[in-house]
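Novice: Please find entry.txt (compact mmCIF, C-alpha atoms (C1' of nucleotides)) on the next line:
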# COMPACT_ATOMS: atom_id res chain seq x y z
CA MET V 3 0.00 0.00 0.00
CA SER V 4 1.36 3.41 -0.94
CA THR V 5 1.94 6.17 1.54
CA HIS V 6 -0.75 8.10 -0.16
CA ALA V 7 -3.27 5.32 0.27
CA ILE V 8 -2.42 5.03 3.95
CA HIS V 9 -3.02 8.70 4.46
CA SER V 10 -6.10 8.59 2.33
CA ASP V 11 -7.45 5.84 4.57
CA ALA V 12 -6.60 7.86 7.65
CA LEU V 13 -8.60 10.71 6.18
CA ALA V 14 -11.62 8.53 5.40
CA GLN V 15 -11.40 6.99 8.84
CA LYS V 16 -11.16 10.24 10.76
CA LEU V 17 -13.94 11.79 8.76
CA ALA V 18 -16.17 8.79 9.37
CA ASP V 19 -15.38 8.98 13.07
CA SER V 20 -16.77 12.49 13.11
CA GLY V 21 -19.79 11.54 11.00
CA LEU V 22 -18.49 13.50 8.05
CA ARG V 23 -18.26 12.52 4.39
CA ASN V 24 -15.18 12.04 2.36
CA THR V 25 -15.21 14.30 -0.68
CA PRO V 26 -12.83 14.89 -3.58
CA GLN V 27 -12.26 18.41 -2.27
CA ARG V 28 -11.21 17.19 1.16
CA GLU V 29 -8.94 14.60 -0.41
CA VAL V 30 -7.06 16.99 -2.66
CA VAL V 31 -6.70 19.57 0.08
CA TYR V 32 -5.32 17.00 2.50
CA ASP V 33 -3.09 15.62 -0.23
CA ALA V 34 -1.70 19.03 -1.02
CA LEU V 35 -0.72 19.49 2.61
CA LEU V 36 0.98 16.12 2.72
CA LYS V 37 2.80 16.57 -0.56
CA LYS V 38 4.50 19.88 0.19
CA ARG V 39 4.94 20.41 3.90
CA ASP V 40 5.96 24.03 3.81
CA HIS V 41 3.11 25.34 5.95
CA PRO V 42 1.09 26.87 3.15
CA THR V 43 -1.64 29.45 3.65
CA ALA V 44 -5.21 28.84 2.53
CA ASP V 45 -4.49 30.85 -0.60
CA GLU V 46 -1.47 28.75 -1.38
CA VAL V 47 -3.40 25.55 -0.88
CA PHE V 48 -6.09 26.93 -3.14
CA ALA V 49 -3.51 27.55 -5.88
CA ARG V 50 -2.07 24.06 -5.46
CA VAL V 51 -5.34 22.17 -5.66
CA LYS V 52 -6.83 24.17 -8.50
CA PRO V 53 -5.09 22.16 -11.24
CA GLN V 54 -6.58 18.93 -9.94
CA LEU V 55 -10.00 20.34 -9.19
CA PRO V 56 -10.42 23.45 -11.31
CA GLY V 57 -13.92 24.15 -10.02
CA ILE V 58 -12.94 24.31 -6.36
CA SER V 59 -13.57 27.57 -4.57
CA LEU V 60 -11.50 29.36 -1.97
CA ALA V 61 -14.38 29.08 0.50
CA THR V 62 -14.26 25.32 0.10
CA VAL V 63 -10.54 25.28 0.75
CA TYR V 64 -11.21 27.18 3.97
CA ASN V 65 -13.99 24.74 4.82
CA CYS V 66 -11.82 21.72 4.16
CA LEU V 67 -8.92 23.06 6.17
CA GLU V 68 -11.27 23.77 9.03
CA THR V 69 -12.71 20.27 8.80
CA LEU V 70 -9.28 18.65 8.71
CA THR V 71 -8.25 20.70 11.72
CA GLN V 72 -11.37 19.59 13.59
CA CYS V 73 -10.59 15.96 12.77
CA ASP V 74 -7.07 16.34 14.14
CA LEU V 75 -5.46 15.59 10.83
CA VAL V 76 -3.96 19.00 10.45
CA ARG V 77 -2.73 21.74 12.71
CA ALA V 78 -3.38 25.43 12.15
CA VAL V 79 -0.43 27.67 12.88
CA ASN V 80 -0.31 31.42 13.29
CA PHE V 81 2.60 33.81 13.28
CA GLU V 82 1.78 37.26 14.57
CA ARG V 83 -0.69 38.89 12.25
CA GLY V 84 0.07 36.74 9.20
CA PRO V 85 -2.42 34.45 7.49
CA THR V 86 -3.05 31.08 9.11
CA ARG V 87 -0.78 28.30 7.88
CA TYR V 88 -1.46 24.59 7.86
CA CYS V 89 0.70 21.70 8.89
CA PRO V 90 0.00 17.96 8.59
CA ASN V 91 2.63 17.12 11.20
CA LEU V 92 0.63 15.90 14.18
CA HIS V 93 3.63 15.18 16.30
CA GLN V 94 3.94 17.67 19.14
CA HIS V 95 6.45 20.15 17.79
CA ALA V 96 7.52 23.77 17.81
CA HIS V 97 7.98 26.11 14.86
CA PHE V 98 10.93 28.18 13.83
CA HIS V 99 9.96 31.14 11.74
CA ASP V 100 12.84 32.39 9.63
CA GLU V 101 12.53 36.15 9.33
CA THR V 102 14.78 36.31 6.30
CA THR V 103 12.94 33.92 4.02
CA GLY V 104 9.60 33.74 5.77
CA ALA V 105 9.93 29.95 5.81
CA THR V 106 8.77 27.85 8.71
CA HIS V 107 10.64 24.86 10.04
CA ASP V 108 9.33 22.19 12.37
CA ILE V 109 11.36 21.66 15.52
CA GLU V 110 10.76 18.37 17.27
CA LEU V 111 10.43 18.62 21.02
CA PRO V 112 11.43 15.87 23.43
CA ALA V 113 8.45 14.71 25.47
CA ALA V 114 10.38 15.32 28.67
CA LEU V 115 10.84 18.97 27.77
CA ILE V 116 7.15 19.40 27.02
CA ALA V 117 6.31 17.91 30.39
CA LYS V 118 8.76 20.26 32.07
CA ILE V 119 7.28 23.28 30.34
CA LYS V 120 3.77 22.32 31.36
CA SER V 121 4.93 21.88 34.92
CA VAL V 122 5.58 25.61 35.30
CA LEU V 123 1.83 26.22 35.24
CA PRO V 124 0.40 27.18 38.63
CA PRO V 125 -1.92 24.63 40.25
CA GLY V 126 -5.38 24.62 38.71
CA TYR V 127 -4.12 25.55 35.26
CA LYS V 128 -4.61 22.74 32.81
CA ALA V 129 -3.22 23.13 29.30
CA ASP V 130 -5.02 21.45 26.41
CA ALA V 131 -2.62 22.87 23.89
CA LEU V 132 0.88 24.26 23.91
CA GLU V 133 2.21 26.48 21.16
CA ILE V 134 5.91 27.24 20.89
CA THR V 135 7.31 29.52 18.25
CA PHE V 136 10.84 30.71 17.69
CA ARG V 137 11.58 33.70 15.54
CA GLY V 138 15.00 34.40 14.12
CA LYS V 139 17.33 34.39 11.19
CA LEU V 140 19.02 31.40 9.66
CA PRO V 141 22.46 31.74 8.09
CA ALA V 142 21.99 32.35 4.36
CA SER V 143 24.27 29.42 3.57
CA ARG V 144 21.43 26.95 4.07
CA MET D 13 8.37 59.29 43.17
CA SER D 14 5.17 57.52 42.22
CA THR D 15 5.11 54.36 40.19
CA HIS D 16 3.40 56.28 37.48
CA ALA D 17 6.15 58.86 37.32
CA ILE D 18 8.77 56.15 37.10
CA HIS D 19 7.01 54.58 34.20
CA SER D 20 6.37 57.93 32.64
CA ASP D 21 10.08 58.62 32.82
CA ALA D 22 10.83 55.25 31.31
CA LEU D 23 8.54 56.17 28.45
CA ALA D 24 10.17 59.55 27.89
CA GLN D 25 13.59 57.95 28.11
CA LYS D 26 12.92 55.14 25.69
CA LEU D 27 11.26 57.46 23.23
CA ALA D 28 14.19 59.85 23.39
CA ASP D 29 16.58 56.94 22.84
CA SER D 30 14.83 56.23 19.58
CA GLY D 31 14.71 59.89 18.56
CA LEU D 32 10.96 60.03 19.05
CA ARG D 33 8.81 62.60 20.80
CA ASN D 34 6.77 62.13 23.87
CA THR D 35 3.15 63.06 23.22
CA PRO D 36 0.00 63.07 25.32
CA GLN D 37 -1.36 60.29 23.13
CA ARG D 38 1.60 58.05 23.76
CA GLU D 39 1.41 58.75 27.46
CA VAL D 40 -2.24 57.88 27.88
CA VAL D 41 -1.91 54.76 25.75
CA TYR D 42 1.04 53.54 27.75
CA ASP D 43 -0.72 54.48 30.98
CA ALA D 44 -3.80 52.52 29.99
CA LEU D 45 -1.70 49.42 29.43
CA LEU D 46 0.00 49.80 32.80
CA LYS D 47 -3.19 50.49 34.70
CA LYS D 48 -5.16 47.45 33.59
CA ARG D 49 -2.91 44.61 32.57
CA ASP D 50 -5.49 42.37 31.00
CA HIS D 51 -3.94 42.25 27.55
CA PRO D 52 -6.38 44.61 25.85
CA THR D 53 -6.86 44.86 22.10
CA ALA D 54 -6.28 48.11 20.22
CA ASP D 55 -10.03 48.70 20.29
CA GLU D 56 -10.15 48.22 24.03
CA VAL D 57 -7.25 50.58 24.56
CA PHE D 58 -9.03 53.08 22.34
CA ALA D 59 -12.13 52.89 24.53
CA ARG D 60 -10.06 53.28 27.70
CA VAL D 61 -8.11 56.34 26.60
CA LYS D 62 -11.02 58.16 25.00
CA PRO D 63 -12.28 59.66 28.29
CA GLN D 64 -8.90 61.26 28.94
CA LEU D 65 -8.28 62.32 25.37
CA PRO D 66 -11.62 62.52 23.62
CA GLY D 67 -10.14 63.59 20.31
CA ILE D 68 -7.82 60.61 19.95
CA SER D 69 -8.34 58.44 16.91
CA LEU D 70 -8.14 54.69 16.56
CA ALA D 71 -5.35 55.13 14.01
CA THR D 72 -3.34 56.97 16.62
CA VAL D 73 -3.89 54.21 19.14
CA TYR D 74 -2.52 51.77 16.58
CA ASN D 75 0.40 54.10 15.92
CA CYS D 76 1.17 54.51 19.61
CA LEU D 77 0.98 50.79 20.29
CA GLU D 78 3.31 50.17 17.37
CA THR D 79 5.72 52.82 18.64
CA LEU D 80 5.68 51.42 22.18
CA THR D 81 6.32 47.97 20.80
CA GLN D 82 9.26 49.28 18.75
CA CYS D 83 10.70 50.94 21.87
CA ASP D 84 10.46 47.68 23.81
CA LEU D 85 8.06 49.08 26.33
CA VAL D 86 5.25 46.80 25.30
CA ARG D 87 4.86 43.37 23.82
CA ALA D 88 2.34 42.47 21.14
CA VAL D 89 0.66 39.12 21.64
CA ASN D 90 -1.40 37.09 19.22
CA PHE D 91 -3.72 34.17 19.83
CA GLU D 92 -4.72 32.30 16.74
CA ARG D 93 -6.74 34.59 14.53
CA GLY D 94 -7.82 37.02 17.22
CA PRO D 95 -6.92 40.68 17.31
CA THR D 96 -3.48 41.61 18.58
CA ARG D 97 -3.28 42.17 22.32
CA TYR D 98 -0.80 44.31 24.20
CA CYS D 99 1.13 43.60 27.35
CA PRO D 100 3.44 45.93 29.30
CA ASN D 101 5.16 43.01 31.04
CA LEU D 102 8.64 42.96 29.57
CA HIS D 103 9.81 40.04 31.61
CA GLN D 104 10.26 36.94 29.47
CA HIS D 105 7.04 35.08 30.08
CA ALA D 106 4.50 32.75 28.55
CA HIS D 107 0.75 33.24 28.19
CA PHE D 108 -2.10 31.08 29.30
CA HIS D 109 -5.21 31.65 27.28
CA ASP D 110 -8.34 30.59 29.15
CA GLU D 111 -10.81 29.27 26.63
CA THR D 112 -13.74 29.69 28.97
CA THR D 113 -13.41 33.37 29.76
CA GLY D 114 -11.10 34.45 26.97
CA ALA D 115 -8.80 35.94 29.60
CA THR D 116 -5.04 35.81 29.30
CA HIS D 117 -2.71 35.17 32.21
CA ASP D 118 1.02 35.75 32.32
CA ILE D 119 3.10 32.73 33.28
CA GLU D 120 6.59 33.51 34.47
CA LEU D 121 9.28 31.25 33.05
CA PRO D 122 12.49 30.34 34.85
CA ALA D 123 15.51 31.47 32.87
CA ALA D 124 16.93 27.97 33.02
CA LEU D 125 13.86 26.58 31.30
CA ILE D 126 14.05 29.16 28.53
CA ALA D 127 17.67 28.25 27.96
CA LYS D 128 16.74 24.59 27.84
CA ILE D 129 14.01 25.22 25.32
CA LYS D 130 16.32 27.23 23.10
CA SER D 131 18.87 24.45 23.27
CA VAL D 132 16.63 22.10 21.27
CA LEU D 133 17.23 24.20 18.17
CA PRO D 134 19.47 22.52 15.61
CA PRO D 135 22.90 24.09 15.09
CA GLY D 136 22.73 27.24 12.98
CA TYR D 137 19.30 28.21 14.26
CA LYS D 138 19.43 31.35 16.33
CA ALA D 139 16.24 32.52 18.02
CA ASP D 140 15.69 36.23 18.56
CA ALA D 141 12.30 35.66 20.08
CA LEU D 142 10.46 32.85 21.76
CA GLU D 143 6.71 32.74 22.06
CA ILE D 144 5.03 30.23 24.35
CA THR D 145 1.29 29.98 24.64
CA PHE D 146 -0.85 27.56 26.60
CA ARG D 147 -4.49 27.11 25.83
CA GLY D 148 -6.90 25.49 28.24
CA LYS D 149 -9.68 25.88 30.74
CA LEU D 150 -9.39 27.13 34.27
CA PRO D 151 -11.71 25.81 36.97
CA ALA D 152 -14.69 28.17 37.23
CA SER D 153 -14.03 28.60 40.94
CA ARG D 154 -11.33 31.17 40.25
C1' DG G 3 -34.29 2.88 -8.44
C1' DC G 4 -36.57 6.97 -6.21
C1' DC G 5 -37.42 10.24 -2.55
C1' DC G 6 -36.09 12.67 1.42
C1' DT G 7 -33.02 14.60 4.44
C1' DT G 8 -28.66 16.03 5.37
C1' DC G 9 -24.06 17.33 4.14
C1' DT G 10 -21.13 19.99 0.83
C1' DT G 11 -19.86 23.10 -2.25
C1' DT G 12 -20.06 27.40 -4.52
C1' DA G 13 -19.92 32.50 -5.65
C1' DG G 14 -20.27 36.53 -3.91
C1' DA G 15 -21.33 39.71 -0.14
C1' DA G 16 -20.06 40.96 4.45
C1' DT G 17 -17.02 41.40 8.40
C1' DT G 18 -12.95 42.27 11.16
C1' DA G 19 -8.63 44.00 12.17
C1' DT G 20 -5.42 46.68 10.48
C1' DT G 21 -2.83 49.78 7.44
C1' DC G 22 -2.51 53.49 4.22
C1' DC G 23 -3.13 58.21 2.77
C1' DA G 24 -3.33 63.06 2.41
C1' DA G 25 -4.21 66.92 5.10
C1' DT G 26 -3.72 69.35 9.28
C1' DT G 27 -1.46 70.19 13.67
C1' DA G 28 2.26 70.46 17.06
C1' DC G 29 7.09 70.72 18.40
C1' DG G 30 11.83 71.83 18.82
C1' DA G 31 15.81 73.98 16.84
C1' DC G 32 17.62 77.83 15.21
C1' DG I 7 8.79 83.80 14.96
C1' DT I 8 9.83 80.63 11.22
C1' DC I 9 10.96 76.29 9.32
C1' DG I 10 11.36 71.45 8.97
C1' DT I 11 10.20 67.23 10.75
C1' DA I 12 7.26 64.30 13.45
C1' DA I 13 2.69 63.12 14.95
C1' DT I 14 -2.16 62.92 14.65
C1' DT I 15 -6.47 62.56 12.37
C1' DG I 16 -10.57 60.76 9.62
C1' DG I 17 -11.60 58.25 6.10
C1' DA I 18 -10.58 55.16 2.40
C1' DA I 19 -8.31 50.87 1.32
C1' DT I 20 -6.68 46.21 2.14
C1' DA I 21 -6.21 41.37 3.59
C1' DA I 22 -7.84 37.31 5.50
C1' DT I 23 -11.58 35.12 6.69
C1' DT I 24 -16.46 34.10 7.50
C1' DC I 25 -21.23 34.27 6.24
C1' DT I 26 -25.19 33.44 3.32
C1' DA I 27 -28.30 31.61 0.26
C1' DA I 28 -28.76 28.62 -3.49
C1' DA I 29 -27.52 24.62 -6.04
C1' DG I 30 -25.39 20.03 -6.03
C1' DA I 31 -24.16 15.40 -4.43
C1' DA I 32 -24.86 11.26 -1.31
C1' DG I 33 -26.77 7.81 1.68
C1' DG I 34 -30.73 5.45 3.89
C1' DG I 35 -35.33 3.58 3.78
C1' DC I 36 -38.70 1.77 1.11
The structure in this file should be written as structure tokens.
Specialist:
Amino acid sequence: MSTHAIHSDALAQKLADSGLRNTPQREVVYDALLKKRDHPTADEVFARVKPQLPGISLATVYNCLETLTQCDLVRAVNFERGPTRYCPNLHQHAHFHDETTGATHDIELPAALIAKIKSVLPPGYKADALEITFRGKLPASR
Amino acid sequence: MSTHAIHSDALAQKLADSGLRNTPQREVVYDALLKKRDHPTADEVFARVKPQLPGISLATVYNCLETLTQCDLVRAVNFERGPTRYCPNLHQHAHFHDETTGATHDIELPAALIAKIKSVLPPGYKADALEITFRGKLPASR
DNA sequence: GCCCTTCTTTAGAATTATTCCAATTACGAC
DNA sequence: GTCGTAATTGGAATAATTCTAAAGAAGGGC
């Protein structure tokens, strides 16, 4: 079974779990995120799926991204006031936002560190989500 | 010397350092942030300063907040797609965003932990800024 | 297979937060 | 005082996203 098929199954499964239908639009949007993991914006996703589904609308892309986020297949990421970006990496991870290129890199976080960070919360605080973002410049040589 | 005067001096000083002028608008905006540290939006700041300076415009509030941020007197904070919020706490700290009330609480971070977090970055990555946000629910009893 | 209900998609209008712009207004230096 | 720059103002403009109403599939029960 190809990687694509595995992911496609995961999509169908997760959608079914939430009582939602699998549609061509949702498939191509999810596919686009998996194929190029550069944290695209909704607009960028729209541009990427258009060739495969010329009739798709931007509103649908927004709908699909929202649905995928709800199903925990995709994570929405925000950097300051910029447009929301989407990331199919479900692993708990941080983001490094390169100010020179505007690119975003995933930074894996050891589970122990995450636990340690959550432990600074005062008693009674319970975190459902933890968002960690670095901002900086990468040497141009990369 | 009152706390206010100290802060007012800090404002004048920092502005002068950047070759900027101190204006009544900048003073009341900064004052509003210091007086009620609940991470207000630009709109909220606008509403709070209006009584003291009825002629002030929303554009000016945005300008002042931007200026204060540039001078490192204030930090701009973003939660997902919401409006930018402003925080006069310059201490390195994280934010806890309470999903029930929408309130934001500052979480102080030990310097050692910050260092540890930064140390997970691969070689070559240099972080100028680090943003840490928790999202969750606080017991209603608070 | 057909009908009914529900879920999706679509195009375009509407909204929200923010920035831009051009025209005053206010300082500070000389 | 005058001049040049900086700051403020109101309104128009923009960007990203959401809303809305209508049309289009898709299953389930018969």
Novice: Kindly provide, as a list in words, the polymer residues lying within 9 Å of (-1.3, 51.9, 4.2), counting all atoms listed in the file and using the coordinates exactly as they appear in the file.
Specialist: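 Neighbouring residues, ordered by chain and number, come to DT21, DC22 and DC23 of chain G; DA19 and DT20 of chain I.
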Novice: Go through I:DG33, I:DT15, I:DA27, I:DA22 and flag the residue nearest DT7 (chain G), using all atoms listed in the file for the distances.
Specialist: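 That would be I:DG33, the residue with the smallest distance to DT7 (chain G).
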Novice: Quick one: which residues from chain D are at most 7 Å off chain V, using all atoms listed in the file, as a PDB file with C-alpha atoms, keeping the file's coordinate frame?
Specialist:
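Saved file part_29.pdb follows:
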ATOM      1  CA  ASN D  90      -1.400  37.090  19.220  1.00  0.00           C
ATOM      2  CA  GLU D  92      -4.720  32.300  16.740  1.00  0.00           C
ATOM      3  CA  ILE D 119       3.100  32.730  33.280  1.00  0.00           C
ATOM      4  CA  LEU D 133      17.230  24.200  18.170  1.00  0.00           C
ATOM      5  CA  GLY D 136      22.730  27.240  12.980  1.00  0.00           C
ATOM      6  CA  TYR D 137      19.300  28.210  14.260  1.00  0.00           C
ATOM      7  CA  LYS D 138      19.430  31.350  16.330  1.00  0.00           C
ATOM      8  CA  ALA D 139      16.240  32.520  18.020  1.00  0.00           C
ATOM      9  CA  ASP D 140      15.690  36.230  18.560  1.00  0.00           C
ATOM     10  CA  ALA D 141      12.300  35.660  20.080  1.00  0.00           C
ATOM     11  CA  LEU D 142      10.460  32.850  21.760  1.00  0.00           C
ATOM     12  CA  GLU D 143       6.710  32.740  22.060  1.00  0.00           C
ATOM     13  CA  ILE D 144       5.030  30.230  24.350  1.00  0.00           C
ATOM     14  CA  THR D 145       1.290  29.980  24.640  1.00  0.00           C
ATOM     15  CA  PHE D 146      -0.850  27.560  26.600  1.00  0.00           C
ATOM     16  CA  ARG D 147      -4.490  27.110  25.830  1.00  0.00           C
ATOM     17  CA  GLY D 148      -6.900  25.490  28.240  1.00  0.00           C
ATOM     18  CA  LYS D 149      -9.680  25.880  30.740  1.00  0.00           C
ATOM     19  CA  LEU D 150      -9.390  27.130  34.270  1.00  0.00           C
ATOM     20  CA  PRO D 151     -11.710  25.810  36.970  1.00  0.00           C
TER      21      PRO D 151
END
Novice: Can you tell me, as a PDB file with C-alpha atoms, in the coordinates of the input, what residues are no more than 9 Å from Val30 (chain V) when counting only C-alpha atoms (C1' of nucleotides), ignoring any on the same chain fewer than 5 positions away?
Specialist:
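Final file, part.pdb:
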ATOM      1  CA  THR V  25     -15.210  14.300  -0.680  1.00  0.00           C
ATOM      2  CA  LEU V  35      -0.720  19.490   2.610  1.00  0.00           C
ATOM      3  CA  VAL V  51      -5.340  22.170  -5.660  1.00  0.00           C
ATOM      4  CA  GLN V  54      -6.580  18.930  -9.940  1.00  0.00           C
ATOM      5  CA  LEU V  55     -10.000  20.340  -9.190  1.00  0.00           C
TER       6      LEU V  55
END
Novice: Give me, as JSON lines, each residue of chain D that comes within 12 Å of chain G, together with its shortest interatomic pair and the distance in Å at one decimal, counting only C-alpha atoms (C1' of nucleotides), with rows ordered by chain and rising residue number.
Specialist:
{"residue": "D:Leu32", "atom": "CA", "partner": "G:DC29", "partner_atom": "C1'", "distance": 11.4}
{"residue": "D:Arg33", "atom": "CA", "partner": "G:DC29", "partner_atom": "C1'", "distance": 8.6}
{"residue": "D:Asn34", "atom": "CA", "partner": "G:DC29", "partner_atom": "C1'", "distance": 10.2}
{"residue": "D:Thr35", "atom": "CA", "partner": "G:DA28", "partner_atom": "C1'", "distance": 9.7}
{"residue": "D:Pro36", "atom": "CA", "partner": "G:DA28", "partner_atom": "C1'", "distance": 11.3}
{"residue": "D:Thr53", "atom": "CA", "partner": "G:DA19", "partner_atom": "C1'", "distance": 10.1}
{"residue": "D:Ala54", "atom": "CA", "partner": "G:DA19", "partner_atom": "C1'", "distance": 9.3}
{"residue": "D:Asp55", "atom": "CA", "partner": "G:DA19", "partner_atom": "C1'", "distance": 9.5}
{"residue": "D:Leu70", "atom": "CA", "partner": "G:DT20", "partner_atom": "C1'", "distance": 10.4}
{"residue": "D:Ala71", "atom": "CA", "partner": "G:DT21", "partner_atom": "C1'", "distance": 8.8}
{"residue": "D:Thr72", "atom": "CA", "partner": "G:DT21", "partner_atom": "C1'", "distance": 11.7}
{"residue": "D:Val73", "atom": "CA", "partner": "G:DT20", "partner_atom": "C1'", "distance": 11.6}
{"residue": "D:Tyr74", "atom": "CA", "partner": "G:DT20", "partner_atom": "C1'", "distance": 8.5}
{"residue": "D:Asn75", "atom": "CA", "partner": "G:DT21", "partner_atom": "C1'", "distance": 10.1}
{"residue": "D:Glu78", "atom": "CA", "partner": "G:DT20", "partner_atom": "C1'", "distance": 11.7}
{"residue": "D:Arg93", "atom": "CA", "partner": "G:DA19", "partner_atom": "C1'", "distance": 9.9}
{"residue": "D:Gly94", "atom": "CA", "partner": "G:DA19", "partner_atom": "C1'", "distance": 8.7}
{"residue": "D:Pro95", "atom": "CA", "partner": "G:DA19", "partner_atom": "C1'", "distance": 6.4}
{"residue": "D:Thr96", "atom": "CA", "partner": "G:DA19", "partner_atom": "C1'", "distance": 8.6}
{"residue": "D:Arg97", "atom": "CA", "partner": "G:DA19", "partner_atom": "C1'", "distance": 11.6}
Novice: Quote the spacing between CA of Arg49 (chain D) and CA of Pro100 (chain D) in Å to one decimal place.
Specialist: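 Computing it gives 7.3 Å between the two atoms.
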Novice: Could you check which of I:DA18, I:DC25, I:DC36, I:DG10 is closest to chain V, using all atoms listed in the file?
Specialist: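 Using all atoms listed in the file, chain V sits closest to I:DC25.
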Novice: Within 10 Å of chain V, which residues of chain I are there when counting all atoms listed in the file? Please give them as a list in words.
Specialist: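 The answer, sorted by residue number, is DA21, DA22, DT23, DT24, DA31 and DA32 of chain I.
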Novice: C1' of DT14 (chain I) and CA of Cys83 (chain D), how far apart in Å?
Specialist: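 Distance reported for this atom pair: 19.0 Å.
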Novice: How many Å lie between CA of Leu80 (chain D) and C1' of DG16 (chain I), rounded to one decimal?
Specialist: 22.6 Å
Novice: Measuring between only C-alpha atoms, which one of D:His51, D:Ser30, D:Val57, D:Asp84 shows the shortest distance to Cys99 (chain D)?
Specialist: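 For Cys99 (chain D), the nearest of the given residues is D:His51.
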